[in-house]
file target38.cif (mmCIF, C-alpha atoms)
data_model
loop_
_atom_site.label_atom_id
_atom_site.label_comp_id
_atom_site.auth_asym_id
_atom_site.auth_seq_id
_atom_site.Cartn_x
_atom_site.Cartn_y
_atom_site.Cartn_z
CA MET A 1 89.07 -110.10 -150.92
CA GLU A 2 90.68 -108.02 -148.20
CA THR A 3 88.15 -106.59 -145.75
CA LYS A 4 88.32 -102.84 -145.14
CA LYS A 5 89.86 -102.11 -141.79
CA LYS A 6 87.69 -100.33 -139.26
CA GLN A 7 88.88 -97.68 -136.85
CA ALA A 8 88.20 -97.44 -133.14
CA LYS A 9 84.85 -95.84 -132.53
CA VAL A 10 84.72 -92.40 -131.00
CA TYR A 11 83.62 -92.74 -127.42
CA LYS A 12 81.51 -89.92 -126.00
CA SER A 13 80.18 -89.42 -122.52
CA LYS A 14 79.01 -86.61 -120.24
CA VAL A 15 82.13 -87.07 -118.11
CA LEU A 16 84.42 -86.59 -121.10
CA GLU A 17 82.36 -83.78 -122.60
CA ASP A 18 82.54 -81.82 -119.34
CA PHE A 19 86.22 -82.60 -118.95
CA PHE A 20 87.25 -81.39 -122.40
CA THR A 21 85.25 -78.15 -122.19
CA VAL A 22 87.72 -75.34 -121.49
CA LYS A 23 86.23 -72.77 -119.12
CA ASP A 24 89.35 -70.76 -118.23
CA THR A 25 90.64 -69.71 -121.63
CA LYS A 26 93.41 -67.59 -120.07
CA GLU A 27 94.91 -70.63 -118.38
CA TYR A 28 94.54 -72.64 -121.58
CA LYS A 29 96.36 -69.96 -123.56
CA ARG A 30 99.13 -69.90 -120.98
CA THR A 31 99.57 -73.67 -121.21
CA GLU A 32 99.53 -73.50 -125.00
CA ASN A 33 102.22 -70.80 -125.06
CA ASN A 34 104.41 -72.64 -122.57
CA MET A 35 104.29 -75.82 -124.65
CA LEU A 36 104.84 -74.01 -127.93
CA LEU A 37 107.82 -72.19 -126.43
CA ALA A 38 109.32 -75.47 -125.25
CA LEU A 39 108.76 -76.91 -128.71
CA ARG A 40 110.55 -73.96 -130.36
CA ILE A 41 113.55 -74.44 -128.12
CA GLU A 42 113.59 -78.19 -128.74
CA LYS A 43 113.43 -77.71 -132.51
CA ALA A 44 116.22 -75.13 -132.40
CA VAL A 45 118.41 -77.57 -130.47
CA GLU A 46 117.65 -80.30 -133.03
CA ALA A 47 118.38 -77.91 -135.90
CA ARG A 48 121.89 -77.43 -134.51
CA GLY A 49 122.35 -81.21 -134.40
CA TRP A 50 122.73 -81.16 -130.64
CA ASN A 51 121.34 -83.60 -128.13
CA ARG A 52 120.16 -82.51 -124.68
CA THR A 53 123.50 -83.28 -123.09
CA ARG A 54 125.30 -80.99 -125.51
CA PHE A 55 122.70 -78.27 -125.04
CA ALA A 56 123.10 -78.55 -121.28
CA LYS A 57 126.86 -78.19 -121.67
CA GLU A 58 126.48 -75.13 -123.91
CA MET A 59 124.10 -73.56 -121.42
CA ASN A 60 126.29 -74.57 -118.48
CA VAL A 61 123.42 -76.28 -116.66
CA GLU A 62 122.59 -79.84 -115.62
CA SER A 63 120.70 -82.13 -118.04
CA SER A 64 117.84 -82.26 -115.57
CA VAL A 65 117.38 -78.51 -116.07
CA ILE A 66 117.03 -79.04 -119.83
CA THR A 67 114.41 -81.72 -119.15
CA LYS A 68 112.44 -79.15 -117.15
CA TRP A 69 112.85 -76.50 -119.86
CA LEU A 70 111.52 -78.80 -122.58
CA SER A 71 108.65 -80.19 -120.51
CA GLY A 72 106.30 -77.38 -121.49
CA THR A 73 105.63 -76.64 -117.83
CA HIS A 74 108.59 -74.44 -116.99
CA ASN A 75 108.12 -70.78 -116.11
CA PHE A 76 111.21 -69.19 -117.68
CA THR A 77 112.84 -66.02 -116.42
CA CYS A 78 113.68 -63.39 -119.01
CA ASN A 79 117.38 -63.85 -118.39
CA THR A 80 117.17 -67.57 -119.10
CA LEU A 81 115.32 -66.89 -122.35
CA PHE A 82 117.93 -64.31 -123.38
CA ASP A 83 120.71 -66.80 -122.62
CA ILE A 84 118.96 -69.50 -124.67
CA GLU A 85 118.52 -67.04 -127.54
CA ASP A 86 122.20 -66.24 -127.43
CA VAL A 87 123.32 -69.88 -127.50
CA LEU A 88 120.82 -71.14 -130.07
CA LYS A 89 120.91 -67.94 -132.16
CA ILE A 90 117.14 -67.68 -132.25
CA CYS A 91 114.64 -65.07 -131.20
CA LEU A 92 112.26 -66.06 -128.45
CA VAL A 93 111.47 -62.64 -127.02
CA ASN A 94 110.92 -59.68 -129.30
CA THR A 95 112.15 -56.62 -127.40
CA LYS A 96 112.35 -54.26 -130.37
CA GLU A 97 109.78 -51.51 -130.79
CA PRO A 98 107.47 -52.24 -133.74
CA HIS A 99 108.27 -50.15 -136.80
CA ASN A 100 105.86 -47.35 -137.75
CA THR A 101 104.02 -47.94 -140.96
CA GLN A 102 106.20 -46.87 -143.88
CA THR A 103 105.67 -46.52 -147.56
CA ILE A 104 107.99 -49.04 -149.17
CA LEU A 105 109.24 -47.90 -152.54
CA ASN A 106 109.74 -50.63 -155.13
CA THR A 107 112.22 -49.98 -157.90
CA PHE A 108 112.05 -52.02 -161.07
CA GLU A 109 112.61 -51.83 -164.80
CA ILE A 110 109.70 -51.98 -167.24
CA LYS A 111 110.27 -52.77 -170.87
CA ILE A 112 107.18 -52.00 -172.90
CA VAL A 113 107.02 -53.71 -176.24
CA THR A 114 104.17 -53.23 -178.72
CA PRO A 115 103.79 -54.88 -182.15
CA LYS A 116 104.58 -51.58 -183.92
CA GLN A 117 107.31 -50.07 -181.87
CA SER A 118 109.40 -50.82 -178.89
CA PHE A 119 110.31 -48.38 -176.20
CA GLN A 120 113.58 -47.92 -174.52
CA PRO A 121 113.43 -49.35 -171.03
CA HIS A 122 112.96 -46.74 -168.34
CA SER A 123 113.50 -46.98 -164.68
CA TYR A 124 110.37 -46.40 -162.71
CA TYR A 125 109.40 -46.64 -159.11
CA LEU A 126 105.97 -47.16 -157.70
CA ASN A 127 104.79 -44.57 -155.23
CA GLY A 128 101.22 -44.64 -153.97
CA GLY A 129 99.88 -46.22 -157.13
CA ASN A 130 101.76 -43.89 -159.47
CA PHE A 131 104.72 -44.91 -161.56
CA MET A 132 107.47 -42.33 -161.00
CA SER A 133 110.22 -42.18 -163.57
CA LEU A 134 113.77 -42.10 -162.30
CA SER A 135 115.03 -40.74 -165.63
CA ASN A 136 112.90 -37.60 -165.58
CA THR A 137 110.56 -35.78 -163.28
CA THR A 138 107.46 -36.45 -165.37
CA LYS A 139 104.80 -37.94 -163.18
CA LEU A 140 103.14 -40.93 -164.80
CA HIS A 141 99.89 -42.51 -163.82
CA TYR A 142 99.59 -46.19 -163.26
CA GLY A 143 99.60 -48.06 -166.53
CA GLU A 144 100.92 -45.21 -168.64
CA SER A 145 104.18 -45.59 -170.43
CA MET B 1 90.65 -109.63 -118.92
CA LYS B 2 89.30 -107.98 -122.07
CA VAL B 3 89.44 -104.24 -122.76
CA GLU B 4 87.93 -102.16 -125.53
CA ILE B 5 90.16 -99.46 -127.00
CA VAL B 6 88.13 -96.34 -127.77
CA LYS B 7 89.03 -92.95 -129.22
CA ILE B 8 88.22 -89.96 -127.03
CA LEU B 9 89.92 -86.98 -128.69
CA GLN B 10 90.84 -86.42 -132.30
CA GLY B 11 93.39 -83.79 -133.24
CA ASP B 12 95.43 -82.68 -136.23
CA TYR B 13 98.61 -83.76 -134.48
CA THR B 14 97.65 -86.48 -132.00
CA ASN B 15 94.71 -88.80 -131.39
CA PHE B 16 93.93 -89.81 -127.83
CA TYR B 17 92.43 -93.15 -126.88
CA THR B 18 91.56 -94.86 -123.64
CA ALA B 19 90.68 -98.37 -122.54
CA LYS B 20 87.38 -99.62 -121.17
CA ILE B 21 87.33 -102.90 -119.28
CA VAL B 22 84.60 -105.04 -120.85
CA GLY B 23 81.65 -105.20 -118.49
CA GLU B 24 82.40 -101.93 -116.73
CA ASP B 25 80.46 -98.72 -117.30
CA LEU B 26 83.33 -96.26 -117.38
CA SER B 27 86.69 -96.19 -119.09
CA LEU B 28 89.98 -95.97 -117.19
CA PHE B 29 90.33 -92.30 -118.06
CA GLU B 30 86.80 -91.45 -116.96
CA ASN B 31 87.51 -93.13 -113.63
CA PHE B 32 90.66 -91.02 -113.30
CA ILE B 33 88.64 -87.85 -113.87
CA ILE B 34 85.92 -88.78 -111.40
CA GLU B 35 88.38 -89.92 -108.71
CA ASN B 36 90.32 -86.66 -108.81
CA LYS B 37 87.86 -83.93 -109.76
CA ASN B 38 86.95 -82.92 -106.19
CA LYS B 39 90.40 -82.72 -104.65
CA HIS B 40 92.51 -81.91 -107.73
CA GLN B 41 90.29 -79.84 -110.01
CA LYS B 42 93.06 -77.38 -111.02
CA GLU B 43 95.51 -80.20 -111.72
CA LEU B 44 92.92 -81.97 -113.87
CA GLU B 45 92.31 -78.78 -115.82
CA ASN B 46 96.01 -78.44 -116.45
CA ILE B 47 96.27 -82.03 -117.69
CA ARG B 48 93.24 -81.38 -119.88
CA ASN B 49 94.89 -78.30 -121.38
CA ARG B 50 98.11 -80.20 -122.06
CA ILE B 51 96.20 -83.01 -123.77
CA LYS B 52 94.33 -80.54 -125.97
CA VAL B 53 97.47 -78.61 -126.92
CA MET B 54 99.16 -81.85 -127.91
CA ALA B 55 96.14 -82.90 -129.95
CA HIS B 56 95.77 -79.60 -131.80
CA ASN B 57 99.14 -77.80 -131.76
CA THR B 58 102.27 -79.73 -130.92
CA GLY B 59 101.84 -83.49 -131.09
CA ALA B 60 102.64 -85.82 -128.20
CA ARG B 61 106.32 -84.83 -127.85
CA GLU B 62 108.32 -87.12 -125.60
CA THR B 63 109.52 -84.12 -123.62
CA PHE B 64 105.98 -83.44 -122.42
CA PHE B 65 105.82 -86.77 -120.59
CA LYS B 66 107.61 -88.45 -117.75
CA ILE B 67 109.04 -91.38 -119.69
CA LYS B 68 110.20 -94.86 -118.70
CA GLU B 69 107.33 -95.45 -116.33
CA GLY B 70 106.90 -99.03 -117.53
CA LEU B 71 109.14 -101.76 -118.92
CA PRO B 72 111.93 -100.93 -121.40
CA GLY B 73 110.43 -100.10 -124.81
CA ASP B 74 106.77 -100.53 -123.86
CA GLY B 75 105.97 -96.82 -124.30
CA VAL B 76 104.43 -96.47 -120.86
CA CYS B 77 104.87 -92.95 -119.55
CA ALA B 78 103.08 -90.45 -117.34
CA LEU B 79 101.36 -87.15 -117.87
CA TYR B 80 101.45 -84.79 -114.95
CA ASP B 81 100.16 -81.40 -113.99
CA GLU B 82 102.26 -78.26 -114.03
CA GLU B 83 103.84 -76.63 -111.04
CA GLU B 84 102.94 -78.92 -108.18
CA LYS B 85 102.94 -82.24 -110.00
CA ASN B 86 100.35 -83.77 -107.71
CA LEU B 87 98.79 -86.15 -110.23
CA ARG B 88 100.15 -88.93 -112.38
CA LEU B 89 98.19 -90.16 -115.41
CA TYR B 90 99.71 -93.28 -116.92
CA CYS B 91 99.49 -93.76 -120.64
CA VAL B 92 101.06 -95.53 -123.59
CA ARG B 93 102.68 -93.20 -126.09
CA TYR B 94 103.08 -94.31 -129.71
CA GLY B 95 105.37 -91.64 -131.11
CA LYS B 96 103.90 -88.17 -131.46
CA LEU B 97 100.69 -89.37 -133.09
CA VAL B 98 98.80 -91.64 -130.72
CA VAL B 99 98.44 -91.84 -126.95
CA VAL B 100 96.33 -94.38 -125.06
CA LEU B 101 95.36 -92.87 -121.71
CA GLY B 102 94.93 -95.09 -118.69
CA GLY B 103 94.34 -94.24 -115.07
CA GLY B 104 96.48 -92.83 -112.32
CA GLY B 105 96.20 -90.89 -109.14
CA GLU B 106 97.73 -88.56 -106.63
CA LYS B 107 101.46 -88.89 -106.12
CA PRO B 108 102.14 -88.25 -102.44
CA LYS B 109 105.14 -86.06 -101.75
CA THR B 110 106.40 -88.64 -99.29
CA ILE B 111 107.17 -91.27 -101.93
CA ARG B 112 109.98 -91.33 -104.47
CA ALA B 113 108.92 -94.28 -106.61
CA LEU B 114 105.43 -95.22 -107.77
CA GLN B 115 105.90 -98.71 -106.35
CA GLU B 116 105.63 -97.19 -102.89
CA ASN B 117 101.97 -96.33 -103.49
CA LYS B 118 99.47 -99.15 -104.10
CA LYS B 119 97.02 -97.10 -106.15
CA LEU B 120 99.72 -95.78 -108.49
CA LYS B 121 101.30 -99.20 -108.77
CA ASP B 122 97.99 -100.87 -109.67
CA GLU B 123 97.16 -98.24 -112.31
CA ASN B 124 100.67 -98.43 -113.72
CA ASP B 125 100.51 -102.25 -113.88
CA LEU B 126 97.19 -102.07 -115.74
CA VAL B 127 98.61 -99.68 -118.35
CA LYS B 128 101.66 -101.94 -118.78
CA ARG B 129 99.26 -104.83 -119.47
CA ILE B 130 97.37 -102.69 -122.00
CA SER B 131 100.62 -101.84 -123.76
CA LYS B 132 101.54 -105.53 -123.89
CA GLY B 133 98.04 -106.45 -125.12
CA ILE B 134 98.20 -103.91 -127.94
CA SER B 135 101.66 -105.12 -128.97
CA LYS B 136 100.43 -108.72 -129.04
CA ALA B 137 97.37 -107.72 -131.09
CA MET B 138 99.66 -105.91 -133.56
CA LYS B 139 101.90 -108.94 -133.82
CA ASN B 140 98.88 -111.18 -134.48
CA ARG B 141 97.71 -108.68 -137.11
CA TYR B 142 94.42 -108.22 -135.32
CA LEU B 143 95.34 -104.58 -134.94
CA GLN B 144 97.21 -102.35 -137.33
CA TRP B 145 98.02 -98.68 -137.83
CA SER B 146 96.31 -96.60 -140.48
CA ALA B 147 98.44 -95.30 -143.33
CA ASP B 148 98.99 -91.96 -141.59
CA GLY B 149 99.85 -93.68 -138.31
CA MET B 150 97.17 -91.84 -136.37
CA GLU B 151 94.47 -94.48 -136.13
CA LEU B 152 94.19 -97.97 -134.69
CA GLU B 153 92.36 -100.28 -137.09
CA CYS B 154 91.00 -103.79 -137.05
CA ASP B 155 88.44 -105.92 -138.88
CA ASP B 156 85.86 -105.83 -136.08
CA ASP B 157 83.42 -103.04 -135.23
CA LYS B 158 85.02 -102.68 -131.80
CA ILE B 159 88.68 -103.01 -130.86
CA ILE B 160 88.69 -105.55 -128.05
CA ILE B 161 91.95 -107.04 -126.89
CA GLU B 162 93.01 -109.48 -124.22
CA ILE B 163 95.32 -108.08 -121.55
#
call {"tool": "encode", "arguments": {"input": "target38.cif", "output": "structure tokens"}}
result
Amino acid sequence: METKKKQAKVYKSKVLEDFFTVKDTKEYKRTENNMLLALRIEKAVEARGWNRTRFAKEMNVESSVITKWLSGTHNFTCNTLFDIEDVLKICLVNTKEPHNTQTILNTFEIKIVTPKQSFQPHSYYLNGGNFMSLSNTTKLHYGES
Amino acid sequence: MKVEIVKILQGDYTNFYTAKIVGEDLSLFENFIIENKNKHQKELENIRNRIKVMAHNTGARETFFKIKEGLPGDGVCALYDEEEKNLRLYCVRYGKLVVVLGGGGEKPKTIRALQENKKLKDENDLVKRISKGISKAMKNRYLQWSADGMELECDDDKIIIEI
């Protein structure tokens, strides 16, 4: 009978507990963002089927520069990020103003069929919980036909 | 020399292990922390943050390491701190899922290669031996990977290998 394999035990100590406790969350967040940014760029390069040499050529930089960019430690300038966006056709920096909240109108057809009679389909749109008919100006409440 | 392989950090993306020489009180990684915490506190914090991000967010991507710090194909690489790159922490990387952390030290600005510094060379040699020991244990089927590739498994209660 095959014995069940055991996994390495979890080793705990005061030294490790103190070490892994993050005190400066701002610095941690910065490191996290830097590494995630590098990962996004790396994945975008892979998605295009490029290797680092090709990416370096497209960016007109040395391969060693790409190594720095993907290390997760690099402090990018805005211009470099814009150039990378342009070459990889991705968005890394969102410079657009956020849209104001809008009411989005949904337009759809409802065909109501009952056992006794069927109705002609009407075009309705939903506005603030009310069904508004496109075929006439009659205001309908939600659920009414 | 015998070492025990122990897990020190579990993450959704990467598990981190270290090695503890049998008979010694502290693991290689604990020694690295203690040796550098007075002079290189900020650098240690940065390495800590990078380890945690890899464990919980990104996986141990090759691009986050300085690779080819050992023999060809042995997976030995180095973690370093941001900006100044004062510290080197040697480790064995098994894809994005598992990293075995060893020891390391300060990399003086005056040297180009680790062989020029005895401390770095000794720590690097030890990690190379650990990598070789794990490979041998895998070959002998003493050690194996779990189905998801994130855990080292064996029949014994402790993972102890000869290096």
call {"tool": "closest_residue", "arguments": {"input": "target38.cif", "among": "A:Asp18, A:Thr53, A:Arg30, A:Asp83", "to": "A:Thr67", "atoms": "only C-alpha atoms"}}
result
A:Thr53
call {"tool": "closest_atom_pairs", "arguments": {"input": "target38.cif", "of": "chain B", "to": "chain A", "cutoff": "7 Å", "atoms": "all atoms listed in the file", "output": "Markdown table"}}
result
| residue | atom | partner | partner_atom | distance |
| --- | --- | --- | --- | --- |
| B:Ile5 | CA | A:Ala8 | CA | 6.8 |
| B:Val6 | CA | A:Ala8 | CA | 5.5 |
| B:Lys7 | CA | A:Val10 | CA | 4.7 |
| B:Ile8 | CA | A:Tyr11 | CA | 5.4 |
| B:Glu30 | CA | A:Val15 | CA | 6.5 |
| B:Arg48 | CA | A:Phe20 | CA | 6.5 |
| B:Asn49 | CA | A:Tyr28 | CA | 5.7 |
| B:Arg50 | CA | A:Thr31 | CA | 6.7 |
| B:Val53 | CA | A:Glu32 | CA | 5.8 |
| B:Thr58 | CA | A:Leu36 | CA | 6.9 |
| B:Thr63 | CA | A:Ser71 | CA | 5.1 |
| B:Phe64 | CA | A:Ser71 | CA | 4.6 |
| B:Glu82 | CA | A:Thr73 | CA | 5.3 |
| B:Glu151 | CA | A:Gln7 | CA | 6.5 |
| B:Leu152 | CA | A:Gln7 | CA | 5.7 |
| B:Glu153 | CA | A:Gln7 | CA | 4.4 |
| B:Cys154 | CA | A:Lys5 | CA | 5.2 |
| B:Asp155 | CA | A:Lys5 | CA | 5.0 |
| B:Asp156 | CA | A:Lys6 | CA | 6.6 |
| B:Asp157 | CA | A:Lys6 | CA | 6.5 |
| B:Lys158 | CA | A:Ala8 | CA | 6.3 |
| B:Ile159 | CA | A:Ala8 | CA | 6.0 |
call {"tool": "write_last_selection", "arguments": {"input": "target38.cif", "atoms": "C-alpha atoms", "output": "compact mmCIF listing (two decimals), keeping the file's coordinate frame"}}
result
# COMPACT_ATOMS: atom_id res chain seq x y z
CA ILE B 5 90.16 -99.46 -127.00
CA VAL B 6 88.13 -96.34 -127.77
CA LYS B 7 89.03 -92.95 -129.22
CA ILE B 8 88.22 -89.96 -127.03
CA GLU B 30 86.80 -91.45 -116.96
CA ARG B 48 93.24 -81.38 -119.88
CA ASN B 49 94.89 -78.30 -121.38
CA ARG B 50 98.11 -80.20 -122.06
CA VAL B 53 97.47 -78.61 -126.92
CA THR B 58 102.27 -79.73 -130.92
CA THR B 63 109.52 -84.12 -123.62
CA PHE B 64 105.98 -83.44 -122.42
CA GLU B 82 102.26 -78.26 -114.03
CA GLU B 151 94.47 -94.48 -136.13
CA LEU B 152 94.19 -97.97 -134.69
CA GLU B 153 92.36 -100.28 -137.09
CA CYS B 154 91.00 -103.79 -137.05
CA ASP B 155 88.44 -105.92 -138.88
CA ASP B 156 85.86 -105.83 -136.08
CA ASP B 157 83.42 -103.04 -135.23
CA LYS B 158 85.02 -102.68 -131.80
CA ILE B 159 88.68 -103.01 -130.86
call {"tool": "closest_residue", "arguments": {"input": "target38.cif", "among": "B:Asn57, B:Asn31, B:Ser131, B:Asn140", "to": "A:Leu37", "atoms": "all atoms listed in the file"}}
result
B:Asn57
call {"tool": "residues_near_point", "arguments": {"input": "target38.cif", "point": "(99.5, -87.1, -110.8)", "cutoff": "12 Å", "atoms": "all atoms listed in the file", "output": "number ranges by chain"}}
result
B: 32-33, 35-36, 39-44, 46-47, 65-66, 77-91, 103-109, 114, 119-120, 123-124
call {"tool": "atom_distance", "arguments": {"input": "target38.cif", "atom1": "atom CA of B:Asp148", "atom2": "atom CA of B:Arg61"}}
result
17.1 Å
call {"tool": "atom_distance", "arguments": {"input": "target38.cif", "atom1": "atom CA of B:Gly23", "atom2": "atom CA of B:Ile160"}}
result
11.9 Å
call {"tool": "resolve_selection", "arguments": {"input": "target38.cif", "expression": "the PyMOL selection byres ((chain A and resi 92) around 9)", "output": "list in words"}}
result
Leu37, Arg40, Ile41, Leu81, Phe82, Ile84, Glu85, Ile90, Cys91, Val93 and Asn94 of chain A
call {"tool": "atom_distance", "arguments": {"input": "target38.cif", "atom1": "atom CA of B:Lys2", "atom2": "atom CA of B:Glu162"}}
result
4.5 Å
call {"tool": "axis_aligned_box", "arguments": {"input": "target38.cif", "around": "stretch 112-129 of chain B", "padding_each_side": "6 Å", "output": "AutoDock Vina command-line options"}}
result
--center_x 103.5 --center_y -98.1 --center_z -111.2 --size_x 25.0 --size_y 25.5 --size_z 28.6
call {"tool": "closest_residue", "arguments": {"input": "target38.cif", "among": "B:Lys37, B:Ile67, B:Lys52, B:Gly59", "to": "B:Met150", "atoms": "only C-alpha atoms"}}
result
B:Gly59
call {"tool": "resolve_selection", "arguments": {"input": "target38.cif", "expression": "the PyMOL selection byres ((chain B and resi 60) around 8)", "output": "list of chain:residue names"}}
result
B:Tyr13, B:Thr14, B:Met54, B:Ala55, B:Thr58, B:Gly59, B:Arg61, B:Glu62, B:Phe64, B:Arg93, B:Gly95, B:Lys96, B:Leu97, B:Val98, B:Val99
call {"tool": "resolve_selection", "arguments": {"input": "target38.cif", "expression": "the PyMOL selection byres ((chain A and resi 55) around 12)", "output": "tab-separated table (two decimals) with C-alpha atoms, in the frame of the given file"}}
result
chain	number	residue	atom	x	y	z
A	41	ILE	CA	113.55	-74.44	-128.12
A	42	GLU	CA	113.59	-78.19	-128.74
A	43	LYS	CA	113.43	-77.71	-132.51
A	44	ALA	CA	116.22	-75.13	-132.40
A	45	VAL	CA	118.41	-77.57	-130.47
A	46	GLU	CA	117.65	-80.30	-133.03
A	47	ALA	CA	118.38	-77.91	-135.90
A	48	ARG	CA	121.89	-77.43	-134.51
A	49	GLY	CA	122.35	-81.21	-134.40
A	50	TRP	CA	122.73	-81.16	-130.64
A	51	ASN	CA	121.34	-83.60	-128.13
A	52	ARG	CA	120.16	-82.51	-124.68
A	53	THR	CA	123.50	-83.28	-123.09
A	54	ARG	CA	125.30	-80.99	-125.51
A	56	ALA	CA	123.10	-78.55	-121.28
A	57	LYS	CA	126.86	-78.19	-121.67
A	58	GLU	CA	126.48	-75.13	-123.91
A	59	MET	CA	124.10	-73.56	-121.42
A	60	ASN	CA	126.29	-74.57	-118.48
A	61	VAL	CA	123.42	-76.28	-116.66
A	62	GLU	CA	122.59	-79.84	-115.62
A	63	SER	CA	120.70	-82.13	-118.04
A	64	SER	CA	117.84	-82.26	-115.57
A	65	VAL	CA	117.38	-78.51	-116.07
A	66	ILE	CA	117.03	-79.04	-119.83
A	67	THR	CA	114.41	-81.72	-119.15
A	69	TRP	CA	112.85	-76.50	-119.86
A	70	LEU	CA	111.52	-78.80	-122.58
A	83	ASP	CA	120.71	-66.80	-122.62
A	84	ILE	CA	118.96	-69.50	-124.67
A	87	VAL	CA	123.32	-69.88	-127.50
A	88	LEU	CA	120.82	-71.14	-130.07
